[in-house]
file model.cif (mmCIF, C-alpha atoms)
data_run
#
loop_
_atom_site.group_PDB
_atom_site.id
_atom_site.type_symbol
_atom_site.label_atom_id
_atom_site.label_comp_id
_atom_site.auth_asym_id
_atom_site.auth_seq_id
_atom_site.Cartn_x
_atom_site.Cartn_y
_atom_site.Cartn_z
ATOM 1 C CA MET A 1395 -85.498 84.819 248.121
ATOM 2 C CA ALA A 1396 -85.177 88.073 246.172
ATOM 3 C CA LYS A 1397 -83.665 89.828 249.173
ATOM 4 C CA GLU A 1398 -80.662 87.520 249.351
ATOM 5 C CA PRO A 1399 -79.150 88.521 245.974
ATOM 6 C CA LYS A 1400 -79.758 92.184 246.843
ATOM 7 C CA MET A 1401 -78.028 91.822 250.208
ATOM 8 C CA HIS A 1402 -75.223 89.921 248.529
ATOM 9 C CA LYS A 1403 -74.743 92.767 246.022
ATOM 10 C CA GLN A 1404 -74.695 95.358 248.815
ATOM 11 C CA HIS A 1405 -72.169 93.305 250.771
ATOM 12 C CA LYS A 1406 -70.029 92.939 247.645
ATOM 13 C CA LYS A 1407 -70.146 96.700 246.973
ATOM 14 C CA LEU A 1408 -69.182 97.425 250.580
ATOM 15 C CA SER A 1409 -66.257 94.995 250.518
ATOM 16 C CA ASN A 1410 -65.091 96.362 247.152
ATOM 17 C CA GLY A 1411 -65.328 99.918 248.477
ATOM 18 C CA ILE A 1412 -63.232 99.048 251.535
ATOM 19 C CA THR A 1413 -60.692 97.247 249.349
ATOM 20 C CA TYR A 1414 -60.383 100.176 246.918
ATOM 21 C CA ALA A 1415 -60.089 102.685 249.771
ATOM 22 C CA LEU A 1416 -57.326 100.606 251.363
ATOM 23 C CA LEU A 1417 -55.478 100.283 248.040
ATOM 24 C CA ILE A 1418 -55.737 104.028 247.422
ATOM 25 C CA LEU A 1419 -54.363 104.723 250.901
ATOM 26 C CA ILE A 1420 -51.453 102.313 250.352
ATOM 27 C CA SER A 1421 -50.760 103.898 246.957
ATOM 28 C CA ILE A 1422 -50.661 107.388 248.475
ATOM 29 C CA ILE A 1423 -48.265 106.243 251.207
ATOM 30 C CA TRP A 1424 -46.086 104.440 248.638
ATOM 31 C CA LEU A 1425 -46.013 107.341 246.153
ATOM 32 C CA PHE A 1426 -45.532 110.110 248.728
ATOM 33 C CA PRO A 1427 -41.693 109.874 248.895
ATOM 34 C CA PHE A 1428 -41.420 109.885 245.085
ATOM 35 C CA VAL A 1429 -43.671 112.949 244.794
ATOM 36 C CA CYS A 1430 -41.584 114.723 247.438
ATOM 37 C CA LEU A 1431 -38.392 113.789 245.591
ATOM 38 C CA ILE A 1432 -39.682 115.315 242.343
ATOM 39 C CA LEU A 1433 -40.984 118.452 244.068
ATOM 40 C CA GLN A 1434 -37.737 119.026 245.964
ATOM 41 C CA SER A 1435 -35.726 118.675 242.753
ATOM 42 C CA PHE A 1436 -37.499 121.839 241.521
ATOM 43 C CA ARG A 1437 -37.090 123.755 244.776
ATOM 44 C CA SER A 1438 -34.891 126.809 244.729
ATOM 45 C CA TYR A 1439 -32.322 127.000 247.484
ATOM 46 C CA ILE A 1440 -34.031 129.811 249.397
ATOM 47 C CA THR A 1441 -34.394 129.981 253.171
ATOM 48 C CA GLU A 1442 -37.785 131.085 254.389
ATOM 49 C CA PRO A 1443 -38.140 133.791 257.056
ATOM 50 C CA GLY A 1444 -37.262 132.377 260.430
ATOM 51 C CA GLY A 1445 -34.613 130.055 259.018
ATOM 52 C CA LEU A 1446 -37.017 127.254 258.040
ATOM 53 C CA VAL A 1447 -37.063 125.712 254.586
ATOM 54 C CA ASN A 1448 -40.329 124.695 252.973
ATOM 55 C CA TYR A 1449 -39.642 121.008 252.371
ATOM 56 C CA LEU A 1450 -43.061 119.806 251.263
ATOM 57 C CA LEU A 1451 -44.334 122.159 248.538
ATOM 58 C CA PRO A 1452 -41.766 124.612 247.115
ATOM 59 C CA LYS A 1453 -42.903 128.239 247.002
ATOM 60 C CA GLN A 1454 -40.449 129.032 244.252
ATOM 61 C CA PHE A 1455 -39.827 126.472 241.533
ATOM 62 C CA SER A 1456 -36.433 126.525 239.897
ATOM 63 C CA LEU A 1457 -34.312 124.486 237.464
ATOM 64 C CA ASP A 1458 -31.073 125.398 239.246
ATOM 65 C CA SER A 1459 -30.463 121.843 240.438
ATOM 66 C CA TYR A 1460 -30.876 120.393 236.934
ATOM 67 C CA LYS A 1461 -28.707 123.159 235.468
ATOM 68 C CA PHE A 1462 -26.025 122.229 237.985
ATOM 69 C CA LEU A 1463 -26.115 118.595 236.824
ATOM 70 C CA PHE A 1464 -25.799 119.584 233.168
ATOM 71 C CA SER A 1465 -23.077 122.157 233.849
ATOM 72 C CA GLY A 1466 -19.367 121.511 234.107
ATOM 73 C CA GLU A 1467 -19.353 122.149 237.856
ATOM 74 C CA CYS A 1468 -19.779 118.449 238.627
ATOM 75 C CA ASN A 1469 -19.015 115.133 236.972
ATOM 76 C CA PHE A 1470 -22.594 113.832 237.179
ATOM 77 C CA PHE A 1471 -22.725 112.520 233.618
ATOM 78 C CA GLY A 1472 -19.345 110.862 234.040
ATOM 79 C CA TRP A 1473 -20.763 108.979 237.027
ATOM 80 C CA TYR A 1474 -23.960 108.322 235.055
ATOM 81 C CA LYS A 1475 -21.885 106.855 232.223
ATOM 82 C CA ASN A 1476 -19.994 104.626 234.676
ATOM 83 C CA THR A 1477 -23.308 103.320 236.024
ATOM 84 C CA ILE A 1478 -24.669 102.593 232.541
ATOM 85 C CA ILE A 1479 -21.463 100.791 231.511
ATOM 86 C CA ILE A 1480 -21.420 98.629 234.640
ATOM 87 C CA ALA A 1481 -25.148 97.833 234.535
ATOM 88 C CA THR A 1482 -25.161 97.057 230.795
ATOM 89 C CA PHE A 1483 -22.193 94.695 230.845
ATOM 90 C CA VAL A 1484 -23.409 92.967 234.006
ATOM 91 C CA ALA A 1485 -26.865 92.520 232.446
ATOM 92 C CA ILE A 1486 -25.392 90.986 229.262
ATOM 93 C CA PHE A 1487 -22.897 88.637 230.921
ATOM 94 C CA GLN A 1488 -25.140 87.651 233.812
ATOM 95 C CA THR A 1489 -28.029 86.841 231.463
ATOM 96 C CA LEU A 1490 -25.757 84.643 229.337
ATOM 97 C CA PHE A 1491 -24.351 82.854 232.390
ATOM 98 C CA VAL A 1492 -27.778 82.261 233.942
ATOM 99 C CA LEU A 1493 -29.258 80.989 230.669
ATOM 100 C CA MET A 1494 -26.403 78.555 230.054
ATOM 101 C CA VAL A 1495 -26.351 77.217 233.614
ATOM 102 C CA SER A 1496 -30.144 76.900 233.668
ATOM 103 C CA TYR A 1497 -30.137 75.037 230.352
ATOM 104 C CA ALA A 1498 -27.506 72.592 231.606
ATOM 105 C CA LEU A 1499 -29.371 71.918 234.859
ATOM 106 C CA SER A 1500 -32.746 71.642 233.133
ATOM 107 C CA ARG A 1501 -31.819 69.437 230.181
ATOM 108 C CA MET A 1502 -28.745 67.472 231.209
ATOM 109 C CA ARG A 1503 -28.419 64.712 233.795
ATOM 110 C CA PHE A 1504 -24.957 64.218 235.254
ATOM 111 C CA LYS A 1505 -23.359 62.944 238.432
ATOM 112 C CA GLY A 1506 -23.514 65.457 241.270
ATOM 113 C CA ARG A 1507 -26.238 67.555 239.641
ATOM 114 C CA LYS A 1508 -28.570 67.496 242.649
ATOM 115 C CA ALA A 1509 -25.738 68.106 245.092
ATOM 116 C CA LEU A 1510 -24.519 71.063 243.044
ATOM 117 C CA MET A 1511 -27.995 72.591 242.902
ATOM 118 C CA ASN A 1512 -28.454 72.176 246.663
ATOM 119 C CA LEU A 1513 -25.012 73.667 247.346
ATOM 120 C CA TRP A 1514 -25.760 76.724 245.218
ATOM 121 C CA LEU A 1515 -29.128 77.067 246.917
ATOM 122 C CA VAL A 1516 -27.488 77.156 250.348
ATOM 123 C CA LEU A 1517 -24.721 79.536 249.243
ATOM 124 C CA GLY A 1518 -27.314 81.871 247.712
ATOM 125 C CA MET A 1519 -28.895 82.343 251.140
ATOM 126 C CA PHE A 1520 -25.814 84.201 252.412
ATOM 127 C CA PRO A 1521 -25.715 87.943 251.582
ATOM 128 C CA GLY A 1522 -22.972 88.940 249.197
ATOM 129 C CA PHE A 1523 -21.555 91.716 251.386
ATOM 130 C CA LEU A 1524 -20.165 89.063 253.756
ATOM 131 C CA THR A 1525 -17.406 88.543 251.194
ATOM 132 C CA MET A 1526 -16.548 92.249 250.767
ATOM 133 C CA ILE A 1527 -13.182 92.126 252.494
ATOM 134 C CA CYS A 1528 -12.032 89.035 250.599
ATOM 135 C CA LEU A 1529 -13.278 90.442 247.285
ATOM 136 C CA TYR A 1530 -11.596 93.786 247.852
ATOM 137 C CA PHE A 1531 -8.152 92.290 248.521
ATOM 138 C CA LEU A 1532 -8.589 89.848 245.634
ATOM 139 C CA LEU A 1533 -9.523 92.649 243.215
ATOM 140 C CA LYS A 1534 -6.720 94.812 244.549
ATOM 141 C CA GLN A 1535 -4.175 92.144 243.573
ATOM 142 C CA PHE A 1536 -5.352 92.481 239.951
ATOM 143 C CA GLY A 1537 -5.580 96.277 239.950
ATOM 144 C CA LEU A 1538 -9.388 96.265 239.833
ATOM 145 C CA THR A 1539 -9.996 98.785 242.618
ATOM 146 C CA GLN A 1540 -10.104 102.604 242.557
ATOM 147 C CA GLU A 1541 -8.861 103.432 239.002
ATOM 148 C CA GLY A 1542 -9.888 99.946 237.833
ATOM 149 C CA ALA A 1543 -13.114 99.844 239.831
ATOM 150 C CA ILE A 1544 -15.404 99.744 236.790
ATOM 151 C CA PRO A 1545 -14.132 96.412 235.380
ATOM 152 C CA GLY A 1546 -13.878 95.168 238.963
ATOM 153 C CA LEU A 1547 -17.546 95.917 239.619
ATOM 154 C CA ILE A 1548 -18.507 94.269 236.331
ATOM 155 C CA LEU A 1549 -16.585 91.153 237.364
ATOM 156 C CA ILE A 1550 -18.276 91.096 240.780
ATOM 157 C CA GLY A 1551 -21.663 91.526 239.135
ATOM 158 C CA PHE A 1552 -21.597 88.412 236.964
ATOM 159 C CA ALA A 1553 -18.899 86.150 238.411
ATOM 160 C CA SER A 1554 -21.251 84.115 240.595
ATOM 161 C CA SER A 1555 -24.436 84.788 238.623
ATOM 162 C CA GLY A 1556 -24.834 81.122 237.696
ATOM 163 C CA MET A 1557 -26.137 80.455 241.209
ATOM 164 C CA GLY A 1558 -29.263 82.459 240.378
ATOM 165 C CA TYR A 1559 -30.589 79.767 238.070
ATOM 166 C CA TYR A 1560 -33.810 79.004 239.987
ATOM 167 C CA VAL A 1561 -36.410 80.989 238.049
ATOM 168 C CA CYS A 1562 -34.794 80.492 234.655
ATOM 169 C CA LYS A 1563 -34.455 76.732 235.145
ATOM 170 C CA GLY A 1564 -38.112 76.567 236.148
ATOM 171 C CA TYR A 1565 -39.044 78.286 232.907
ATOM 172 C CA PHE A 1566 -36.913 75.910 230.815
ATOM 173 C CA ASP A 1567 -38.608 72.988 232.562
ATOM 174 C CA THR A 1568 -41.946 74.142 231.115
ATOM 175 C CA ILE A 1569 -40.649 73.863 227.528
ATOM 176 C CA PRO A 1570 -41.290 70.311 226.224
ATOM 177 C CA LYS A 1571 -38.162 68.202 225.897
ATOM 178 C CA SER A 1572 -39.650 66.666 222.761
ATOM 179 C CA LEU A 1573 -38.524 69.800 220.897
ATOM 180 C CA ASP A 1574 -34.933 69.107 221.916
ATOM 181 C CA GLU A 1575 -35.233 65.466 220.908
ATOM 182 C CA ALA A 1576 -36.661 66.381 217.503
ATOM 183 C CA ALA A 1577 -33.803 68.810 216.890
ATOM 184 C CA ARG A 1578 -31.213 66.233 218.001
ATOM 185 C CA ILE A 1579 -32.708 63.673 215.571
ATOM 186 C CA ASP A 1580 -32.312 66.262 212.785
ATOM 187 C CA GLY A 1581 -28.607 66.473 213.623
ATOM 188 C CA ALA A 1582 -28.439 69.527 215.901
ATOM 189 C CA ASN A 1583 -25.970 69.503 218.773
ATOM 190 C CA ARG A 1584 -26.745 70.838 222.249
ATOM 191 C CA ALA A 1585 -25.395 74.313 221.488
ATOM 192 C CA GLN A 1586 -27.631 74.571 218.431
ATOM 193 C CA VAL A 1587 -30.653 73.318 220.372
ATOM 194 C CA PHE A 1588 -29.967 75.962 223.014
ATOM 195 C CA ALA A 1589 -29.414 78.836 220.573
ATOM 196 C CA ILE A 1590 -31.967 77.963 217.868
ATOM 197 C CA MET A 1591 -34.757 76.201 219.770
ATOM 198 C CA LEU A 1592 -34.839 77.367 223.398
ATOM 199 C CA ILE A 1593 -33.692 80.991 223.202
ATOM 200 C CA PRO A 1594 -36.447 82.109 220.756
ATOM 201 C CA LEU A 1595 -39.037 80.481 223.048
ATOM 202 C CA SER A 1596 -37.631 82.111 226.177
ATOM 203 C CA LYS A 1597 -38.133 85.834 225.526
ATOM 204 C CA PRO A 1598 -40.014 86.507 228.816
ATOM 205 C CA ILE A 1599 -37.409 84.852 231.031
ATOM 206 C CA ILE A 1600 -34.539 86.501 229.131
ATOM 207 C CA ILE A 1601 -36.089 89.938 229.686
ATOM 208 C CA TYR A 1602 -36.799 89.122 233.345
ATOM 209 C CA THR A 1603 -33.207 87.957 233.921
ATOM 210 C CA ALA A 1604 -31.735 90.961 232.104
ATOM 211 C CA LEU A 1605 -33.871 93.445 234.053
ATOM 212 C CA VAL A 1606 -32.970 91.902 237.400
ATOM 213 C CA ALA A 1607 -29.292 91.839 236.406
ATOM 214 C CA PHE A 1608 -29.454 95.469 235.257
ATOM 215 C CA MET A 1609 -31.154 96.684 238.426
ATOM 216 C CA ALA A 1610 -28.560 95.362 240.880
ATOM 217 C CA PRO A 1611 -25.538 97.439 239.718
ATOM 218 C CA TRP A 1612 -27.782 100.364 238.785
ATOM 219 C CA CYS A 1613 -28.792 100.748 242.450
ATOM 220 C CA ASP A 1614 -25.599 99.411 244.024
ATOM 221 C CA TYR A 1615 -23.981 101.485 246.728
ATOM 222 C CA ILE A 1616 -22.210 99.086 249.099
ATOM 223 C CA PHE A 1617 -19.850 97.345 246.668
ATOM 224 C CA ALA A 1618 -19.425 100.435 244.476
ATOM 225 C CA SER A 1619 -18.283 102.635 247.356
ATOM 226 C CA TYR A 1620 -16.052 99.880 248.711
ATOM 227 C CA VAL A 1621 -14.275 99.108 245.428
ATOM 228 C CA ALA A 1622 -13.963 102.719 244.185
ATOM 229 C CA PHE A 1623 -12.717 103.719 247.672
ATOM 230 C CA GLY A 1624 -12.437 107.495 247.271
ATOM 231 C CA TYR A 1625 -11.468 107.625 243.580
ATOM 232 C CA SER A 1626 -14.220 109.930 242.293
ATOM 233 C CA ASP A 1627 -13.732 109.167 238.584
ATOM 234 C CA SER A 1628 -14.828 105.560 239.245
ATOM 235 C CA TYR A 1629 -17.947 106.441 241.239
ATOM 236 C CA ASN A 1630 -21.386 105.416 240.112
ATOM 237 C CA VAL A 1631 -24.295 107.800 240.681
ATOM 238 C CA ALA A 1632 -25.339 106.202 243.986
ATOM 239 C CA VAL A 1633 -21.915 106.729 245.572
ATOM 240 C CA ALA A 1634 -21.429 110.208 244.101
ATOM 241 C CA MET A 1635 -24.835 111.447 245.189
ATOM 242 C CA GLN A 1636 -24.321 110.060 248.678
ATOM 243 C CA ARG A 1637 -21.135 112.123 248.896
ATOM 244 C CA TRP A 1638 -23.207 115.215 248.081
ATOM 245 C CA VAL A 1639 -25.453 114.876 251.119
ATOM 246 C CA TRP A 1640 -22.361 114.429 253.277
ATOM 247 C CA THR A 1641 -21.111 117.934 252.441
ATOM 248 C CA ASN A 1642 -21.410 120.910 254.792
ATOM 249 C CA ASP A 1643 -23.862 122.562 252.369
ATOM 250 C CA TYR A 1644 -26.480 119.890 253.033
ATOM 251 C CA GLN A 1645 -29.514 121.993 252.121
ATOM 252 C CA GLY A 1646 -28.063 123.165 248.812
ATOM 253 C CA TYR A 1647 -26.860 119.751 247.703
ATOM 254 C CA PHE A 1648 -30.045 118.056 248.879
ATOM 255 C CA THR A 1649 -32.016 119.601 245.994
ATOM 256 C CA ARG A 1650 -29.266 118.490 243.590
ATOM 257 C CA PHE A 1651 -29.445 115.039 245.122
ATOM 258 C CA CYS A 1652 -33.194 114.946 244.396
ATOM 259 C CA ALA A 1653 -32.660 116.126 240.814
ATOM 260 C CA GLY A 1654 -30.058 113.404 240.284
ATOM 261 C CA GLY A 1655 -32.435 110.846 241.792
ATOM 262 C CA VAL A 1656 -35.113 111.822 239.263
ATOM 263 C CA LEU A 1657 -32.691 111.409 236.344
ATOM 264 C CA VAL A 1658 -31.542 108.048 237.692
ATOM 265 C CA ALA A 1659 -35.130 106.817 238.049
ATOM 266 C CA VAL A 1660 -36.240 107.825 234.532
ATOM 267 C CA PRO A 1661 -34.529 105.088 232.418
ATOM 268 C CA ILE A 1662 -35.344 102.204 234.760
ATOM 269 C CA THR A 1663 -38.971 103.387 235.013
ATOM 270 C CA ILE A 1664 -39.266 103.474 231.220
ATOM 271 C CA LEU A 1665 -37.744 99.991 230.982
ATOM 272 C CA PHE A 1666 -40.233 98.531 233.447
ATOM 273 C CA MET A 1667 -43.187 100.257 231.816
ATOM 274 C CA CYS A 1668 -42.230 98.940 228.376
ATOM 275 C CA LEU A 1669 -41.249 95.435 229.473
ATOM 276 C CA GLN A 1670 -43.519 94.735 232.447
ATOM 277 C CA LYS A 1671 -45.614 92.299 230.379
ATOM 278 C CA TYR A 1672 -42.588 90.094 229.699
ATOM 279 C CA TYR A 1673 -41.318 90.604 233.259
ATOM 280 C CA VAL A 1674 -44.534 89.194 234.741
ATOM 281 C CA GLU A 1675 -44.574 86.318 232.219
ATOM 282 C CA GLY A 1676 -41.000 85.458 233.127
ATOM 283 C CA VAL A 1677 -41.746 85.393 236.861
ATOM 284 C CA THR A 1678 -44.928 83.335 236.545
ATOM 285 C CA GLY A 1679 -43.473 81.035 233.885
ATOM 286 C CA GLY A 1680 -40.403 80.337 235.999
ATOM 287 C CA ALA A 1681 -42.346 79.743 239.220
ATOM 288 C CA VAL A 1682 -42.656 76.033 238.461
ATOM 289 C CA LYS A 1683 -41.279 73.234 240.557
ATOM 290 C CA GLY A 1684 -38.757 71.319 238.485
#
call {"tool": "encode", "arguments": {"input": "model.cif", "output": "structure tokens"}}
result
Amino acid sequence: MAKEPKMHKQHKKLSNGITYALLILISIIWLFPFVCLILQSFRSYITEPGGLVNYLLPKQFSLDSYKFLFSGECNFFGWYKNTIIIATFVAIFQTLFVLMVSYALSRMRFKGRKALMNLWLVLGMFPGFLTMICLYFLLKQFGLTQEGAIPGLILIGFASSGMGYYVCKGYFDTIPKSLDEAARIDGANRAQVFAIMLIPLSKPIIIYTALVAFMAPWCDYIFASYVAFGYSDSYNVAVAMQRWVWTNDYQGYFTRFCAGGVLVAVPITILFMCLQKYYVEGVTGGAVKG
């Protein structure tokens, strides 16, 4: 009888060892491109004997690529500012829209509610880039392309955001409706119930919604390149950096591309590290059938 617990412990140690080894291997594979990106951002543009460039581990570390970004030779920080403006406004407006739509669908009962939710669910299954041509000509009529690409991209970012109500509505469904009823008895209207009662209790889902809304325009390339359409002052960093690797001096601009990628990744990494607790709570709290 004493051998069974011992064998069980050995089997558990073996299975744990295999699991940890597999996780370490997956982590190395997942982190490898990011490590290469950081290393290449510090590589000096020097060709090794024989015409080959050392792409894995630089032999000579240099800050030339970062100096180029901070110099006046390129408009990197103008593009960076465009990206921050677009992402910030989209995050604010989209979060407000999603919260309001989710509150209405969670707390109110009206004719056509189920049909509307099902319609939005079906429409949300179609990728947004299917509407690129229609959106471009529509924005062009209002002067929201090229020179006006920034407000145009902001409009695209939050215009249909109400259809992404699923997770937020699920979170609101977990908050007892008795709180709403108590506030209504005390004389509060629906707007006051929403602003005073539900919003303070919904910090995790607000942070989750804002982070997701911020990430989309921060990493956007397809719509940004399509709407800016060659007007460099309206580029975001994704479009501008893609133009760099299209130049004839591919090797030189590749290191600058990597340096720009590092600077782009820094703020979003810090955000996730600081807010990951609320992000996870928002996802798990909203994953409720309602």
call {"tool": "atom_distance", "arguments": {"input": "model.cif", "atom1": "atom CA of Thr1489 of chain A", "atom2": "atom CA of Lys1508 of chain A"}}
result
22.4 Å
call {"tool": "residues_around", "arguments": {"input": "model.cif", "residues": "Pro1611 of chain A", "least_positions_apart": "3", "cutoff": "8 Å", "atoms": "all atoms listed in the file", "output": "list in words"}}
result
Thr1477, Ile1480, Ala1481, Val1484, Gly1551, Ala1607, Phe1608 and Asp1614 of chain A
call {"tool": "atom_distance", "arguments": {"input": "model.cif", "atom1": "atom CA of Asn1512 of chain A", "atom2": "atom CA of Lys1571 of chain A"}}
result
23.3 Å
call {"tool": "resolve_selection", "arguments": {"input": "model.cif", "expression": "the PyMOL selection byres ((chain A and resi 1649-1661) around 10)", "output": "MDAnalysis selection string"}}
result
chainID A and resid 1428 1430:1439 1457:1463 1470:1471 1474 1477 1612:1613 1631:1632 1634:1639 1644:1648 1662:1667
call {"tool": "resolve_selection", "arguments": {"input": "model.cif", "expression": "the PyMOL selection byres ((chain A and resi 1545) around 12)", "output": "PyMOL selection string"}}
result
chain A and resi 1476-1477+1479-1484+1533-1534+1536-1544+1546-1553+1618+1621-1622+1628
call {"tool": "resolve_selection", "arguments": {"input": "model.cif", "expression": "the PyMOL selection byres ((chain A and resi 1592-1606) around 7)", "output": "list in words"}}
result
Ala1485, Ile1486, Thr1489, Cys1562, Val1587, Phe1588, Ala1589, Ile1590, Met1591, Ala1607, Phe1608, Met1609, Ala1610, Tyr1672, Tyr1673, Glu1675 and Gly1676 of chain A
call {"tool": "atom_distance", "arguments": {"input": "model.cif", "atom1": "atom CA of Ser1500 of chain A", "atom2": "atom CA of Gly1581 of chain A"}}
result
20.6 Å
call {"tool": "closest_residue", "arguments": {"input": "model.cif", "among": "A:Lys1671, A:Lys1563, A:Arg1501, A:His1405", "to": "Ala1585 of chain A", "atoms": "only C-alpha atoms"}}
result
A:Arg1501
call {"tool": "closest_residue", "arguments": {"input": "model.cif", "among": "A:Phe1504, A:Tyr1629, A:Tyr1559, A:Trp1424", "to": "Tyr1615 of chain A", "atoms": "all atoms listed in the file"}}
result
A:Tyr1629
call {"tool": "closest_residue", "arguments": {"input": "model.cif", "among": "A:Gln1670, A:Tyr1530, A:Ile1423, A:Asp1567", "to": "Tyr1620 of chain A", "atoms": "all atoms listed in the file"}}
result
A:Tyr1530
call {"tool": "residues_near_point", "arguments": {"input": "model.cif", "point": "(-34.5, 77.4, 245.7)", "cutoff": "10 Å", "atoms": "all atoms listed in the file", "output": "PDB file with C-alpha atoms, in the coordinates of the input"}}
result
ATOM      1  CA  MET A1511     -27.995  72.591 242.902  1.00  0.00           C
ATOM      2  CA  ASN A1512     -28.454  72.176 246.663  1.00  0.00           C
ATOM      3  CA  TRP A1514     -25.760  76.724 245.218  1.00  0.00           C
ATOM      4  CA  LEU A1515     -29.128  77.067 246.917  1.00  0.00           C
ATOM      5  CA  VAL A1516     -27.488  77.156 250.348  1.00  0.00           C
ATOM      6  CA  GLY A1518     -27.314  81.871 247.712  1.00  0.00           C
ATOM      7  CA  MET A1519     -28.895  82.343 251.140  1.00  0.00           C
ATOM      8  CA  MET A1557     -26.137  80.455 241.209  1.00  0.00           C
ATOM      9  CA  GLY A1558     -29.263  82.459 240.378  1.00  0.00           C
ATOM     10  CA  TYR A1559     -30.589  79.767 238.070  1.00  0.00           C
ATOM     11  CA  TYR A1560     -33.810  79.004 239.987  1.00  0.00           C
ATOM     12  CA  VAL A1561     -36.410  80.989 238.049  1.00  0.00           C
ATOM     13  CA  LYS A1683     -41.279  73.234 240.557  1.00  0.00           C
TER      14      LYS A1683
END
call {"tool": "closest_residue", "arguments": {"input": "model.cif", "among": "A:Ile1420, A:Leu1510, A:Ile1616, A:Met1494", "to": "Phe1566 of chain A", "atoms": "all atoms listed in the file"}}
result
A:Met1494
